[in-house]
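Engineer: So that you have it, the file is my_file-v5.cif, and it contains mmCIF, C-alpha atoms:
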data_final
#
loop_
_atom_site.label_atom_id
_atom_site.label_comp_id
_atom_site.auth_asym_id
_atom_site.auth_seq_id
_atom_site.Cartn_x
_atom_site.Cartn_y
_atom_site.Cartn_z
CA MET A 23 39.23 -20.40 54.14
CA PHE A 24 37.93 -19.79 57.66
CA GLN A 25 35.08 -18.14 59.48
CA ASN A 26 33.32 -17.28 56.28
CA ASP A 27 29.73 -17.47 55.16
CA ALA A 28 30.72 -19.57 52.17
CA PHE A 29 31.60 -22.38 54.58
CA ARG A 30 29.05 -24.42 56.42
CA ALA A 31 30.18 -26.34 59.50
CA LEU A 32 29.20 -30.01 59.39
CA GLY A 33 27.80 -31.98 62.31
CA ARG A 34 29.40 -35.19 63.53
CA GLN A 35 26.95 -37.46 61.71
CA GLU A 36 27.41 -35.60 58.43
CA CYS A 37 31.18 -35.84 58.88
CA LEU A 38 31.04 -39.59 59.37
CA ARG A 39 28.67 -40.05 56.43
CA LEU A 40 30.99 -38.14 54.10
CA LEU A 41 34.04 -39.96 55.45
CA ALA A 42 32.41 -43.27 54.55
CA GLU A 43 32.11 -42.17 50.91
CA VAL A 44 35.83 -41.92 50.12
CA PRO A 45 38.50 -44.64 50.05
CA VAL A 46 41.56 -42.55 50.96
CA GLY A 47 42.32 -40.15 53.79
CA ARG A 48 45.43 -38.68 55.33
CA VAL A 49 46.98 -39.41 58.71
CA VAL A 50 48.41 -36.24 60.23
CA TYR A 51 50.98 -36.66 62.97
CA THR A 52 54.39 -35.59 64.18
CA ARG A 53 57.61 -37.24 63.12
CA HIS A 54 60.98 -36.12 64.44
CA ALA A 55 59.26 -33.01 65.83
CA LEU A 56 58.03 -32.02 62.35
CA PRO A 57 54.48 -32.10 60.99
CA ALA A 58 53.97 -35.23 58.90
CA VAL A 59 51.17 -36.51 56.70
CA LEU A 60 50.55 -39.79 54.92
CA PRO A 61 47.68 -40.67 52.59
CA ILE A 62 46.30 -44.16 53.15
CA ASN A 63 43.15 -46.09 52.31
CA PHE A 64 40.88 -46.80 55.25
CA SER A 65 37.48 -47.96 56.38
CA LEU A 66 35.17 -46.97 59.20
CA ASP A 67 34.41 -49.45 61.96
CA THR A 68 30.95 -49.89 63.45
CA ASP A 69 31.89 -47.55 66.31
CA ALA A 70 32.92 -44.85 63.77
CA SER A 71 36.61 -45.24 64.42
CA VAL A 72 38.95 -45.05 61.42
CA LEU A 73 40.71 -48.32 60.58
CA LEU A 74 44.02 -48.56 58.74
CA ARG A 75 45.88 -51.67 57.66
CA THR A 76 49.63 -51.41 57.43
CA SER A 77 52.86 -53.21 58.08
CA PRO A 78 53.77 -53.86 61.76
CA ASP A 79 57.30 -52.54 61.23
CA SER A 80 56.24 -49.40 59.38
CA ASP A 81 57.37 -45.92 60.28
CA LEU A 82 53.72 -45.01 60.63
CA VAL A 83 53.05 -47.55 63.37
CA ARG A 84 56.14 -46.47 65.26
CA ALA A 85 55.12 -42.82 65.01
CA ILE A 86 51.44 -42.98 65.90
CA ASP A 87 50.77 -45.96 68.19
CA GLY A 88 49.34 -44.52 71.40
CA VAL A 89 49.31 -40.88 70.35
CA VAL A 90 46.61 -38.46 69.24
CA VAL A 91 46.54 -37.95 65.48
CA ALA A 92 44.27 -36.27 62.97
CA PHE A 93 42.76 -38.08 60.01
CA GLU A 94 41.54 -35.96 57.13
CA ALA A 95 39.49 -36.64 54.01
CA ASP A 96 38.03 -34.27 51.48
CA GLU A 97 36.58 -33.87 48.02
CA PHE A 98 36.77 -30.64 46.04
CA ASP A 99 35.65 -29.65 42.58
CA ALA A 100 37.87 -26.94 41.13
CA ALA A 101 35.35 -26.08 38.41
CA THR A 102 32.68 -25.06 40.91
CA ARG A 103 35.08 -24.28 43.78
CA SER A 104 32.95 -26.44 46.01
CA GLY A 105 33.54 -29.45 48.20
CA TRP A 106 33.88 -30.69 51.74
CA SER A 107 36.54 -31.70 54.22
CA VAL A 108 36.35 -33.71 57.41
CA VAL A 109 38.91 -34.13 60.19
CA VAL A 110 38.71 -36.81 62.85
CA THR A 111 41.01 -36.32 65.83
CA GLY A 112 41.70 -39.06 68.32
CA ARG A 113 44.09 -41.57 69.74
CA ALA A 114 45.66 -44.09 67.37
CA THR A 115 46.34 -47.59 68.68
CA VAL A 116 47.51 -50.79 67.10
CA VAL A 117 44.92 -53.53 67.53
CA THR A 118 46.59 -56.15 69.70
CA ASP A 119 43.60 -58.23 70.78
CA PRO A 120 43.76 -61.47 68.73
CA ALA A 121 39.97 -61.83 68.38
CA GLU A 122 39.65 -58.24 67.27
CA HIS A 123 42.53 -58.64 64.83
CA GLU A 124 40.85 -61.75 63.44
CA ARG A 125 37.56 -59.92 63.03
CA LEU A 126 39.28 -57.08 61.18
CA LEU A 127 41.04 -59.51 58.83
CA HIS A 128 37.55 -60.20 57.50
CA THR A 129 35.76 -56.89 57.96
CA GLY A 130 38.55 -54.31 58.08
CA PRO A 131 40.21 -52.49 55.20
CA THR A 132 42.42 -54.29 52.73
CA SER A 133 45.80 -52.76 51.90
CA TRP A 134 46.48 -51.22 48.52
CA MET A 135 49.96 -52.68 48.80
CA PRO A 136 51.14 -56.21 49.22
CA LEU A 137 51.98 -56.63 52.93
CA ARG A 138 53.89 -59.54 54.39
CA ASP A 139 52.27 -59.06 57.78
CA ALA A 140 49.41 -56.78 58.59
CA VAL A 141 48.43 -54.87 61.67
CA PHE A 142 45.34 -52.77 62.07
CA VAL A 143 45.51 -49.30 63.53
CA ARG A 144 42.39 -47.80 65.03
CA ILE A 145 41.94 -44.03 65.25
CA GLU A 146 39.16 -43.19 67.64
CA SER A 147 36.84 -40.51 66.32
CA GLU A 148 36.80 -38.60 69.59
CA MET A 149 36.32 -35.37 67.66
CA ALA A 150 34.88 -35.10 64.15
CA THR A 151 34.69 -31.70 62.48
CA GLY A 152 34.02 -30.72 58.92
CA ARG A 153 33.21 -27.92 56.54
CA GLU A 154 31.34 -27.70 53.32
CA LEU A 155 32.25 -25.08 50.75
CA SER A 156 29.37 -24.37 48.44
CA ASP A 157 29.67 -23.17 44.89
CA ARG A 158 27.10 -20.45 45.41
CA ARG A 159 27.24 -18.46 48.57
CA GLY A 160 24.63 -19.72 51.01
CA ILE A 161 23.47 -22.55 48.78
CA THR A 162 24.58 -26.00 49.84
CA ARG A 163 23.99 -29.26 48.09
CA PRO A 164 20.98 -31.34 49.12
CA MET B 21 51.94 -48.09 52.53
CA PHE B 22 55.66 -47.81 53.26
CA GLN B 23 58.96 -49.26 52.22
CA ASN B 24 57.34 -51.39 49.62
CA ASP B 25 58.17 -52.26 46.05
CA ALA B 26 54.79 -51.05 44.89
CA PHE B 27 55.85 -47.51 45.80
CA ARG B 28 58.31 -45.49 43.79
CA ALA B 29 59.99 -42.53 45.49
CA LEU B 30 59.72 -39.33 43.46
CA GLY B 31 62.52 -36.84 42.94
CA ARG B 32 62.17 -33.19 43.81
CA GLN B 33 61.42 -32.08 40.24
CA GLU B 34 58.78 -34.76 39.77
CA CYS B 35 57.21 -33.71 43.08
CA LEU B 36 57.00 -30.08 42.01
CA ARG B 37 55.63 -31.00 38.58
CA LEU B 38 52.85 -33.08 40.12
CA LEU B 39 52.11 -30.42 42.72
CA ALA B 40 51.57 -27.91 39.92
CA GLU B 41 48.85 -30.13 38.42
CA VAL B 42 46.37 -29.91 41.30
CA PRO B 43 44.46 -26.92 42.66
CA VAL B 44 44.06 -28.01 46.30
CA GLY B 45 46.52 -29.20 48.92
CA ARG B 46 46.52 -29.52 52.68
CA VAL B 47 48.46 -27.50 55.24
CA VAL B 48 49.61 -29.71 58.10
CA TYR B 49 50.55 -27.99 61.31
CA THR B 50 50.07 -27.99 65.06
CA ARG B 51 47.25 -26.17 66.82
CA HIS B 52 46.87 -26.18 70.59
CA ALA B 53 49.49 -28.96 70.69
CA LEU B 54 47.34 -31.20 68.46
CA PRO B 55 47.95 -32.21 64.84
CA ALA B 56 45.87 -30.04 62.53
CA VAL B 57 45.19 -30.05 58.80
CA LEU B 58 43.39 -27.68 56.48
CA PRO B 59 42.71 -28.11 52.76
CA ILE B 60 43.22 -24.95 50.76
CA ASN B 61 43.76 -23.99 47.13
CA PHE B 62 47.24 -22.82 46.25
CA SER B 63 49.70 -22.01 43.53
CA LEU B 64 53.42 -22.48 43.10
CA ASP B 65 55.67 -19.45 42.90
CA THR B 66 58.58 -19.21 40.48
CA ASP B 67 60.97 -20.34 43.25
CA ALA B 68 58.80 -23.45 43.85
CA SER B 69 57.42 -22.20 47.13
CA VAL B 70 53.75 -22.88 47.87
CA LEU B 71 51.55 -19.78 47.97
CA LEU B 72 48.29 -19.52 49.88
CA ARG B 73 45.88 -16.60 50.02
CA THR B 74 43.84 -16.22 53.16
CA SER B 75 42.43 -13.74 55.63
CA PRO B 76 44.96 -11.85 57.78
CA ASP B 77 42.98 -12.58 60.94
CA SER B 78 42.52 -16.28 60.22
CA ASP B 79 43.36 -19.03 62.67
CA LEU B 80 45.64 -20.44 60.01
CA VAL B 81 47.83 -17.35 59.85
CA ARG B 82 48.09 -17.19 63.61
CA ALA B 83 49.05 -20.85 63.78
CA ILE B 84 51.63 -21.09 61.01
CA ASP B 85 53.36 -17.73 60.51
CA GLY B 86 57.04 -18.34 61.16
CA VAL B 87 56.85 -22.06 61.80
CA VAL B 88 57.72 -25.16 59.79
CA VAL B 89 54.68 -26.82 58.27
CA ALA B 90 54.00 -29.58 55.78
CA PHE B 91 51.93 -29.11 52.66
CA GLU B 92 50.49 -32.22 51.03
CA ALA B 93 48.77 -32.94 47.74
CA ASP B 94 47.81 -36.22 46.15
CA GLU B 95 45.69 -37.95 43.55
CA PHE B 96 44.51 -41.53 43.86
CA ASP B 97 42.35 -43.75 41.74
CA ALA B 98 40.51 -46.31 43.84
CA ALA B 99 39.64 -48.43 40.79
CA THR B 100 43.28 -49.09 39.94
CA ARG B 101 44.66 -48.49 43.46
CA SER B 102 47.21 -46.16 41.95
CA GLY B 103 48.21 -42.56 42.44
CA TRP B 104 50.79 -40.24 43.88
CA SER B 105 51.36 -38.03 46.89
CA VAL B 106 53.76 -35.18 47.48
CA VAL B 107 54.74 -33.46 50.72
CA VAL B 108 56.58 -30.15 50.87
CA THR B 109 58.04 -29.26 54.26
CA GLY B 110 59.31 -25.79 55.06
CA ARG B 111 58.84 -22.56 56.92
CA ALA B 112 55.58 -20.67 56.42
CA THR B 113 55.69 -16.89 56.47
CA VAL B 114 53.18 -14.16 55.78
CA VAL B 115 54.34 -11.97 52.90
CA THR B 116 54.84 -8.53 54.42
CA ASP B 117 56.90 -6.80 51.73
CA PRO B 118 54.49 -4.39 49.97
CA ALA B 119 56.03 -4.87 46.51
CA GLU B 120 55.92 -8.62 46.86
CA HIS B 121 52.33 -8.47 48.12
CA GLU B 122 51.43 -6.33 45.12
CA ARG B 123 53.06 -8.77 42.73
CA LEU B 124 51.16 -11.68 44.28
CA LEU B 125 47.84 -9.83 43.99
CA HIS B 126 48.34 -10.24 40.24
CA THR B 127 50.25 -13.49 39.96
CA GLY B 128 49.42 -15.35 43.19
CA PRO B 129 46.49 -17.65 43.90
CA THR B 130 42.95 -16.34 44.13
CA SER B 131 40.83 -17.40 47.09
CA TRP B 132 37.92 -19.80 46.68
CA MET B 133 36.16 -17.71 49.28
CA PRO B 134 35.25 -14.06 49.35
CA LEU B 135 37.88 -12.35 51.57
CA ARG B 136 37.63 -8.82 52.89
CA ASP B 137 41.40 -8.50 53.15
CA ALA B 138 43.93 -10.90 51.80
CA VAL B 139 47.38 -11.90 52.91
CA PHE B 140 49.66 -14.30 51.14
CA VAL B 141 51.44 -17.04 53.00
CA ARG B 142 54.56 -18.55 51.49
CA ILE B 143 55.67 -22.08 52.38
CA GLU B 144 59.25 -22.62 51.33
CA SER B 145 59.79 -25.97 49.63
CA GLU B 146 62.91 -26.74 51.64
CA MET B 147 62.12 -30.43 51.38
CA ALA B 148 59.94 -32.05 48.74
CA THR B 149 59.26 -35.77 48.92
CA GLY B 150 56.77 -37.94 47.12
CA ARG B 151 55.69 -41.43 46.27
CA GLU B 152 53.95 -42.99 43.35
CA LEU B 153 51.81 -46.06 43.85
CA SER B 154 51.44 -47.99 40.64
CA ASP B 155 48.52 -50.18 39.74
CA ARG B 156 50.78 -53.04 38.70
CA ARG B 157 53.73 -53.91 40.87
CA GLY B 158 56.87 -52.44 39.41
CA ILE B 159 55.10 -50.79 36.51
CA THR B 160 54.84 -47.03 36.76
CA ARG B 161 53.03 -44.70 34.45
CA PRO B 162 54.99 -43.05 31.65
#
Kindly present the structure from the file in structure tokens form.
Structural biologist:
Amino acid sequence: MFQNDAFRALGRQECLRLLAEVPVGRVVYTRHALPAVLPINFSLDTDASVLLRTSPDSDLVRAIDGVVVAFEADEFDAATRSGWSVVVTGRATVVTDPAEHERLLHTGPTSWMPLRDAVFVRIESEMATGRELSDRRGITRP
Amino acid sequence: MFQNDAFRALGRQECLRLLAEVPVGRVVYTRHALPAVLPINFSLDTDASVLLRTSPDSDLVRAIDGVVVAFEADEFDAATRSGWSVVVTGRATVVTDPAEHERLLHTGPTSWMPLRDAVFVRIESEMATGRELSDRRGITRP
């Protein structure tokens, strides 16, 4: 699925627009020296960083705070073999500033799970790449 | 989204059954020392390994042949905040045995893209883990 005419590379703005359309993406990171991936709901902040809400004592926080991770989202339609995928790569950091945490309690993502305590994790969208796979070669959706 | 009553851990057989229901998953690996992820259609072989079909000169083949990768699939419903995710972790290898390659040309996955040449990549399902997120706490689907 690479370097093929059936794929169209997406620009940063298109990537961020598509990312804003879906509720769930996947954090890609390393855990115990092995590739790891976790689906999680998210939202985009005004600066286009990806925001997650999770438990402060979660494995995820321990694994990704301060390190570069990838965050992926996609949508595919098997019937037409078409769709798109977007990957944001950047540093993940737990939001520690109290004012910022307070702001995100109101504007950030909610959790799909009941959480006793919540922390927000910000993934900076330092790099945003994406591809669109069209159902007819060379024809992309409007 | 961890260590929470709203999640139910899935056994290996449940993981493989769910994996067989979806056409697209995501290969999770490392590229240039950064976490990388690529969605790709796949099928399951009779030994429960994940089979991909791609171009022999693809970046993916160069990056994952001979190394341990993760392969993730999921389905979520934002309306009910429910769904499942499965991760298979194991060694990826390009199928080089001619008889095996020939068998997979007939029984393996097709590519969603036109490929000049095709190779099959097998990801052994050495480890298969999964979680189900139910829409009502403690109630899982039948």
Engineer: If the PyMOL selection byres ((chain B and resi 128-141) around 7) were run on this exact file, what residues would it hold? Put them as a list in words.
Structural biologist: Met23, Ala28 and Arg103 of chain A; Phe62, Ser63, Leu71, Leu72, Arg73, Thr74, Ser75, Pro76, Ala112, Thr113, Val114, Val115, Leu124, Leu125, His126, Thr127, Arg142 and Ile143 of chain B
Engineer: Hand me chain A as it sits after a least-squares fit onto chain B over every Cα, paired in order, written as a JSON list (two decimals) with C-alpha atoms, keeping the file's coordinate frame.
Structural biologist:
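New file part.json:
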[["chain", "number", "residue", "atom", "x", "y", "z"],
["A", 23, "MET", "CA", 52.01, -48.08, 52.69],
["A", 24, "PHE", "CA", 55.75, -47.78, 53.32],
["A", 25, "GLN", "CA", 59.02, -49.27, 52.22],
["A", 26, "ASN", "CA", 57.37, -51.40, 49.61],
["A", 27, "ASP", "CA", 58.19, -52.24, 46.04],
["A", 28, "ALA", "CA", 54.79, -51.04, 44.91],
["A", 29, "PHE", "CA", 55.86, -47.51, 45.82],
["A", 30, "ARG", "CA", 58.32, -45.50, 43.83],
["A", 31, "ALA", "CA", 60.00, -42.54, 45.52],
["A", 32, "LEU", "CA", 59.72, -39.34, 43.49],
["A", 33, "GLY", "CA", 62.53, -36.85, 42.96],
["A", 34, "ARG", "CA", 62.16, -33.18, 43.83],
["A", 35, "GLN", "CA", 61.44, -32.09, 40.26],
["A", 36, "GLU", "CA", 58.78, -34.76, 39.80],
["A", 37, "CYS", "CA", 57.22, -33.70, 43.10],
["A", 38, "LEU", "CA", 57.01, -30.08, 42.02],
["A", 39, "ARG", "CA", 55.64, -31.01, 38.60],
["A", 40, "LEU", "CA", 52.86, -33.09, 40.14],
["A", 41, "LEU", "CA", 52.12, -30.41, 42.73],
["A", 42, "ALA", "CA", 51.58, -27.91, 39.92],
["A", 43, "GLU", "CA", 48.86, -30.14, 38.43],
["A", 44, "VAL", "CA", 46.36, -29.93, 41.31],
["A", 45, "PRO", "CA", 44.46, -26.92, 42.68],
["A", 46, "VAL", "CA", 44.07, -28.02, 46.31],
["A", 47, "GLY", "CA", 46.52, -29.22, 48.94],
["A", 48, "ARG", "CA", 46.52, -29.53, 52.69],
["A", 49, "VAL", "CA", 48.46, -27.50, 55.24],
["A", 50, "VAL", "CA", 49.61, -29.71, 58.11],
["A", 51, "TYR", "CA", 50.55, -27.99, 61.33],
["A", 52, "THR", "CA", 50.05, -27.97, 65.07],
["A", 53, "ARG", "CA", 47.23, -26.17, 66.81],
["A", 54, "HIS", "CA", 46.86, -26.18, 70.58],
["A", 55, "ALA", "CA", 49.47, -28.95, 70.71],
["A", 56, "LEU", "CA", 47.33, -31.20, 68.47],
["A", 57, "PRO", "CA", 47.96, -32.21, 64.86],
["A", 58, "ALA", "CA", 45.87, -30.04, 62.54],
["A", 59, "VAL", "CA", 45.19, -30.06, 58.82],
["A", 60, "LEU", "CA", 43.40, -27.68, 56.49],
["A", 61, "PRO", "CA", 42.71, -28.12, 52.78],
["A", 62, "ILE", "CA", 43.24, -24.95, 50.76],
["A", 63, "ASN", "CA", 43.76, -24.00, 47.13],
["A", 64, "PHE", "CA", 47.25, -22.84, 46.27],
["A", 65, "SER", "CA", 49.70, -22.03, 43.52],
["A", 66, "LEU", "CA", 53.43, -22.50, 43.11],
["A", 67, "ASP", "CA", 55.68, -19.46, 42.89],
["A", 68, "THR", "CA", 58.60, -19.23, 40.48],
["A", 69, "ASP", "CA", 60.97, -20.33, 43.25],
["A", 70, "ALA", "CA", 58.81, -23.45, 43.87],
["A", 71, "SER", "CA", 57.43, -22.20, 47.14],
["A", 72, "VAL", "CA", 53.75, -22.89, 47.87],
["A", 73, "LEU", "CA", 51.56, -19.78, 47.96],
["A", 74, "LEU", "CA", 48.29, -19.52, 49.88],
["A", 75, "ARG", "CA", 45.87, -16.62, 50.00],
["A", 76, "THR", "CA", 43.84, -16.24, 53.15],
["A", 77, "SER", "CA", 42.43, -13.76, 55.59],
["A", 78, "PRO", "CA", 44.95, -11.83, 57.76],
["A", 79, "ASP", "CA", 42.97, -12.57, 60.92],
["A", 80, "SER", "CA", 42.52, -16.28, 60.21],
["A", 81, "ASP", "CA", 43.36, -19.02, 62.65],
["A", 82, "LEU", "CA", 45.66, -20.44, 60.00],
["A", 83, "VAL", "CA", 47.84, -17.34, 59.83],
["A", 84, "ARG", "CA", 48.08, -17.18, 63.60],
["A", 85, "ALA", "CA", 49.05, -20.84, 63.78],
["A", 86, "ILE", "CA", 51.63, -21.10, 61.01],
["A", 87, "ASP", "CA", 53.35, -17.73, 60.50],
["A", 88, "GLY", "CA", 57.04, -18.33, 61.14],
["A", 89, "VAL", "CA", 56.84, -22.05, 61.81],
["A", 90, "VAL", "CA", 57.71, -25.15, 59.81],
["A", 91, "VAL", "CA", 54.67, -26.82, 58.27],
["A", 92, "ALA", "CA", 54.00, -29.59, 55.79],
["A", 93, "PHE", "CA", 51.93, -29.12, 52.66],
["A", 94, "GLU", "CA", 50.50, -32.22, 51.05],
["A", 95, "ALA", "CA", 48.78, -32.95, 47.75],
["A", 96, "ASP", "CA", 47.81, -36.22, 46.16],
["A", 97, "GLU", "CA", 45.70, -37.94, 43.56],
["A", 98, "PHE", "CA", 44.52, -41.54, 43.87],
["A", 99, "ASP", "CA", 42.35, -43.75, 41.74],
["A", 100, "ALA", "CA", 40.51, -46.32, 43.83],
["A", 101, "ALA", "CA", 39.64, -48.44, 40.79],
["A", 102, "THR", "CA", 43.28, -49.10, 39.95],
["A", 103, "ARG", "CA", 44.64, -48.48, 43.47],
["A", 104, "SER", "CA", 47.20, -46.17, 41.96],
["A", 105, "GLY", "CA", 48.19, -42.57, 42.46],
["A", 106, "TRP", "CA", 50.78, -40.24, 43.90],
["A", 107, "SER", "CA", 51.35, -38.03, 46.90],
["A", 108, "VAL", "CA", 53.77, -35.19, 47.50],
["A", 109, "VAL", "CA", 54.75, -33.45, 50.74],
["A", 110, "VAL", "CA", 56.60, -30.16, 50.88],
["A", 111, "THR", "CA", 58.05, -29.25, 54.27],
["A", 112, "GLY", "CA", 59.30, -25.79, 55.07],
["A", 113, "ARG", "CA", 58.83, -22.57, 56.92],
["A", 114, "ALA", "CA", 55.57, -20.67, 56.42],
["A", 115, "THR", "CA", 55.69, -16.88, 56.47],
["A", 116, "VAL", "CA", 53.18, -14.18, 55.76],
["A", 117, "VAL", "CA", 54.34, -11.97, 52.90],
["A", 118, "THR", "CA", 54.85, -8.54, 54.43],
["A", 119, "ASP", "CA", 56.88, -6.82, 51.72],
["A", 120, "PRO", "CA", 54.48, -4.41, 49.95],
["A", 121, "ALA", "CA", 56.02, -4.89, 46.48],
["A", 122, "GLU", "CA", 55.91, -8.64, 46.86],
["A", 123, "HIS", "CA", 52.32, -8.50, 48.10],
["A", 124, "GLU", "CA", 51.42, -6.35, 45.10],
["A", 125, "ARG", "CA", 53.07, -8.79, 42.72],
["A", 126, "LEU", "CA", 51.17, -11.70, 44.26],
["A", 127, "LEU", "CA", 47.85, -9.85, 43.96],
["A", 128, "HIS", "CA", 48.36, -10.27, 40.22],
["A", 129, "THR", "CA", 50.26, -13.54, 39.95],
["A", 130, "GLY", "CA", 49.43, -15.39, 43.17],
["A", 131, "PRO", "CA", 46.50, -17.68, 43.89],
["A", 132, "THR", "CA", 42.97, -16.37, 44.12],
["A", 133, "SER", "CA", 40.85, -17.43, 47.09],
["A", 134, "TRP", "CA", 37.94, -19.80, 46.68],
["A", 135, "MET", "CA", 36.15, -17.70, 49.28],
["A", 136, "PRO", "CA", 35.26, -14.07, 49.35],
["A", 137, "LEU", "CA", 37.89, -12.36, 51.54],
["A", 138, "ARG", "CA", 37.63, -8.83, 52.87],
["A", 139, "ASP", "CA", 41.39, -8.52, 53.13],
["A", 140, "ALA", "CA", 43.94, -10.92, 51.78],
["A", 141, "VAL", "CA", 47.38, -11.91, 52.89],
["A", 142, "PHE", "CA", 49.66, -14.31, 51.12],
["A", 143, "VAL", "CA", 51.45, -17.05, 52.99],
["A", 144, "ARG", "CA", 54.56, -18.56, 51.48],
["A", 145, "ILE", "CA", 55.67, -22.08, 52.38],
["A", 146, "GLU", "CA", 59.24, -22.63, 51.34],
["A", 147, "SER", "CA", 59.79, -25.97, 49.65],
["A", 148, "GLU", "CA", 62.92, -26.73, 51.64],
["A", 149, "MET", "CA", 62.13, -30.43, 51.41],
["A", 150, "ALA", "CA", 59.94, -32.05, 48.75],
["A", 151, "THR", "CA", 59.25, -35.78, 48.93],
["A", 152, "GLY", "CA", 56.77, -37.93, 47.13],
["A", 153, "ARG", "CA", 55.68, -41.44, 46.29],
["A", 154, "GLU", "CA", 53.95, -43.00, 43.38],
["A", 155, "LEU", "CA", 51.80, -46.07, 43.86],
["A", 156, "SER", "CA", 51.43, -47.99, 40.64],
["A", 157, "ASP", "CA", 48.51, -50.17, 39.73],
["A", 158, "ARG", "CA", 50.74, -53.02, 38.64],
["A", 159, "ARG", "CA", 53.70, -53.85, 40.76],
["A", 160, "GLY", "CA", 56.85, -52.40, 39.22],
["A", 161, "ILE", "CA", 55.03, -50.67, 36.38],
["A", 162, "THR", "CA", 54.73, -46.92, 36.70],
["A", 163, "ARG", "CA", 52.94, -44.55, 34.41],
["A", 164, "PRO", "CA", 54.95, -42.84, 31.67]]
Engineer: Given only C-alpha atoms, how would the per-residue table for chain B near chain A read, listing every residue at most 8 Å away with its closest atom pair and distance in Å to one decimal, sorted by chain and number, as a Markdown table?
Structural biologist:
| residue | atom | partner | partner_atom | distance |
| --- | --- | --- | --- | --- |
| B:Met21 | CA | A:Met135 | CA | 6.2 |
| B:Phe22 | CA | A:Ser80 | CA | 6.3 |
| B:Gln23 | CA | A:Ser80 | CA | 7.7 |
| B:Asn24 | CA | A:Met135 | CA | 7.5 |
| B:Ala26 | CA | A:Met135 | CA | 6.4 |
| B:Pro43 | CA | A:Ala100 | CA | 6.8 |
| B:Val44 | CA | A:Phe98 | CA | 7.8 |
| B:Val48 | CA | A:Pro57 | CA | 6.1 |
| B:Tyr49 | CA | A:Pro57 | CA | 5.7 |
| B:Thr50 | CA | A:Pro57 | CA | 7.3 |
| B:Leu54 | CA | A:Val90 | CA | 7.3 |
| B:Pro55 | CA | A:Tyr51 | CA | 5.7 |
| B:Ala56 | CA | A:Ala92 | CA | 6.4 |
| B:Val57 | CA | A:Val50 | CA | 7.1 |
| B:Pro59 | CA | A:Ser107 | CA | 7.3 |
| B:Ile60 | CA | A:Met23 | CA | 6.9 |
| B:Thr74 | CA | A:Met23 | CA | 6.3 |
| B:Ser75 | CA | A:Met23 | CA | 7.5 |
| B:Ser78 | CA | A:Phe24 | CA | 6.3 |
| B:Asp79 | CA | A:Phe24 | CA | 7.4 |
| B:Val88 | CA | A:Leu56 | CA | 7.3 |
| B:Val89 | CA | A:Pro57 | CA | 5.9 |
| B:Ala90 | CA | A:Pro57 | CA | 5.8 |
| B:Glu92 | CA | A:Val59 | CA | 7.1 |
| B:Asp94 | CA | A:Pro61 | CA | 7.8 |
| B:Phe96 | CA | A:Val46 | CA | 7.8 |
| B:Ala98 | CA | A:Pro45 | CA | 6.7 |
| B:Arg101 | CA | A:Trp134 | CA | 6.0 |
| B:Ser105 | CA | A:Pro61 | CA | 7.3 |
| B:Val107 | CA | A:Val59 | CA | 7.6 |
| B:Ser131 | CA | A:Met23 | CA | 7.8 |
| B:Trp132 | CA | A:Arg103 | CA | 6.0 |
| B:Met133 | CA | A:Met23 | CA | 6.3 |
| B:Pro134 | CA | A:Ala28 | CA | 7.7 |
Engineer: For CA of Glu36 in chain A and CA of Thr68 in chain A, quote the distance in Å rounded to one decimal.
Structural biologist: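 Computing it gives 15.6 Å between the two atoms.
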Engineer: As an exercise, work out the distance from CA of Thr151 in chain A to CA of Ile86 in chain A in Å and give it to one decimal place.
Structural biologist: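 Calculated distance between CA of Thr151 in chain A and CA of Ile86 in chain A is 20.5 Å.
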Engineer: Which value, in Å to one decimal, gives the distance between CA of Arg32 in chain B and CA of Gly47 in chain A?
Structural biologist: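 Between CA of Arg32 in chain B and CA of Gly47 in chain A the gap is 23.3 Å.
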Engineer: In terms of the shortest atom-to-atom distance over only C-alpha atoms, which of B:Arg151, B:Ala83, B:His121, B:Arg111 is closest to Arg51 in chain B?
Structural biologist: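 Of all the options, B:Ala83 lies closest to Arg51 in chain B.
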Engineer: Let me make sure I understand: among A:Leu38, A:Ala150, A:Leu32, A:Gly105, which one has the smallest atom-to-atom distance to Asp67 in chain A if we use all atoms listed in the file?
Structural biologist: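 That would be A:Leu38, the residue with the smallest distance to Asp67 in chain A.
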Engineer: Show me that you can extract range 51-72 of chain B, keeping C-alpha atoms, and write it as an mmCIF file, in the first residue's frame.
Structural biologist:
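The new file decode-v7.cif reads:
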data_model
loop_
_atom_site.group_PDB
_atom_site.id
_atom_site.type_symbol
_atom_site.label_atom_id
_atom_site.label_comp_id
_atom_site.auth_asym_id
_atom_site.auth_seq_id
_atom_site.Cartn_x
_atom_site.Cartn_y
_atom_site.Cartn_z
ATOM 1 C CA ARG B 51 10.966 3.282 11.289
ATOM 2 C CA HIS B 52 14.064 5.429 11.623
ATOM 3 C CA ALA B 53 13.821 4.942 15.401
ATOM 4 C CA LEU B 54 10.317 6.459 15.474
ATOM 5 C CA PRO B 55 6.993 4.710 16.092
ATOM 6 C CA ALA B 56 5.268 4.017 12.788
ATOM 7 C CA VAL B 57 1.859 2.669 11.829
ATOM 8 C CA LEU B 58 0.288 1.673 8.537
ATOM 9 C CA PRO B 59 -3.282 0.523 7.905
ATOM 10 C CA ILE B 60 -3.527 -2.364 5.482
ATOM 11 C CA ASN B 61 -6.075 -5.015 4.537
ATOM 12 C CA PHE B 62 -5.249 -8.528 5.655
ATOM 13 C CA SER B 63 -6.482 -12.042 6.140
ATOM 14 C CA LEU B 64 -5.883 -14.711 8.741
ATOM 15 C CA ASP B 65 -4.108 -17.900 7.765
ATOM 16 C CA THR B 66 -5.167 -21.309 9.022
ATOM 17 C CA ASP B 67 -2.520 -21.122 11.776
ATOM 18 C CA ALA B 68 -3.967 -17.757 12.925
ATOM 19 C CA SER B 69 -1.072 -15.738 11.598
ATOM 20 C CA VAL B 70 -1.865 -12.394 9.961
ATOM 21 C CA LEU B 71 -1.185 -12.260 6.222
ATOM 22 C CA LEU B 72 -0.456 -9.077 4.285
#
